[in-house]
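Only one structure is covered here, and it is reproduced in the block below.
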Amino acid sequence: MTRGRAGLAAVIVFAAAAACRSTAPLDVHTSLPGVSSFPPGTFTTIIVTRFRDDAPPPDFAPGPALEDVLANGLRRELKHTGGLVDRRRDEARARPTDPAAWKAAGEGRPSGAAFLAGAVRLSAKTLKAIDKKALADGPFDLARRLIAKRRWTLEAEISVVSAATGETLYHETFRESQDYGELDKAAEFAFSELADRILGRFSQALLGRPTIEVRTLLRR
Amino acid sequence: MTRRTACLLFLAGSCLALGACARRLSVGPLRAGVAAANDERWDEAIRFWTQALEQDPQSAAAHNNLAVAYEKRGDWPAAAGEYEEAVRLEPDNALIRGNYEAFKARLDAGRGKGS
């Protein structure tokens, strides 16, 4: 009986000690949103306008496709801040270099609205090289010794223009390339991969990159 | 172990446990918020810490924790305000200062002011 009580007392003491220990500070590793290089509130609404695509491939229009990628991607990124993304294909003629035109287009827009504009170019070329492994088999049959791959390149010139002032707030040209063994790779598939990379780089520049940080939470 | 020793141990343990429970009641929202945040329920954590501040507006811990939660939301001005208040209330608290310094460094780096 006595031994039983002593055991019970020990359990209570341990429980009490555990309760006391739970007042210790707690380090949390948490993902914090990216810090934008722009002042807060600069982009409450982003209006994706028409992107120029002066030399599109015959079977694919990269301009509207890039607009879709940017609009959908930014919509996801801005969701947690309550930001909005709109599409305006009719404001295509204005150029980032023409502040007055952008300012006129921005009349009546809410404060913090910005236009996204620019140009896009999707191109491909076939690269050929001699396969050194095949060369070791013998000097004949040149066709078999050539290896070929298709290099797709997406170049996007993106500008962010203030709807209030027409001023260009940000301008950057992004270029992404990828080599494919399939020479008949569809332009749409190549575009999809390359545009995702450009979206990642652009949204990081615009909105910052989330990072894992350690912060201490206090319990008393 | 004698019966008397066992009784004394039992009483001591009970007192400790009751003391811990009483303290838990007074800092309930603070700790509940930490538990929620640790479980990635940050909105709930904010509600608990706001409640903790209603009970004790001078709680540096609640201000510090709220600052972290606002950082999580990306609300930098609110986070800065809470950190400043926490530091004002407990200027010698190294943990609060550590959080605040890390917050400021990240903000400066993101805005191109970092070294």
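Ligands are numbered from 1 in the order shown, chains are lettered A, B, ... in the order of the structure tokens, and residues start at 1 in each chain.
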Check your understanding: Which parts of range 14-216 of chain A does DSSP call strand (DSSP E) when run on the backbone here, written out as a PyMOL selection string?
Key -> chain A and resi 26-32+45-52+84-88+113-130+146-162+168-180+211-216
Review point. What lies within 10 Å of range 64-68 of chain B using only C-alpha atoms, ignoring chain neighbours under 4 positions off, as a PyMOL selection string?
Key: (chain A and resi 28+30+32+214-219) or (chain B and resi 30+33-34+37+42+45-50+53+59-60+72-87+95-97+99-100+103)
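The space separating CA of Phe191 in chain A from CA of Ile130 in chain A comes to 27.7 Å.
For Asp68 in chain A, the residues within 12 Å (counting only C-alpha atoms, excluding itself and residues fewer than 3 positions away along the chain) are A:Ile47, A:Val48, A:Thr49, A:Arg50, A:Phe51, A:Ala61, A:Pro62, A:Gly63, A:Pro64, A:Ala65, A:Ala71, A:Asn72, A:Gly73, A:Leu74, A:Arg75, A:Val85, A:Asp86, A:Arg87, A:Arg88, A:Arg89, A:Ser192, A:Ala195, A:Asp196, A:Leu199.
As for CA of Ala105 in chain A and CA of Ser162 in chain A, they are spaced 10.3 Å apart.
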Point to revise | Pick from A:Pro99, A:Pro58, A:Gly166, A:Gly208 nearest to chain B, counting only C-alpha atoms | key: A:Gly208
Exercise for review: Just list the residues in range 15-215 of chain A DSSP gives helix (DSSP H, G or I) on the backbone, as an MDAnalysis selection string.
Suggested key: chainID A and resid 15:21 62:81 89:91 99:105 132:135 142:145 187:207
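In this structure, CA of Asp179 in chain A sits 12.5 Å away from CA of Ile147 in chain A.
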Study note, to complete from the structure: Restricting to only C-alpha atoms, whichever of A:Asp131, A:Glu213, A:Tyr170, A:Pro110 is closest to Ala105 in chain B is A:Glu213
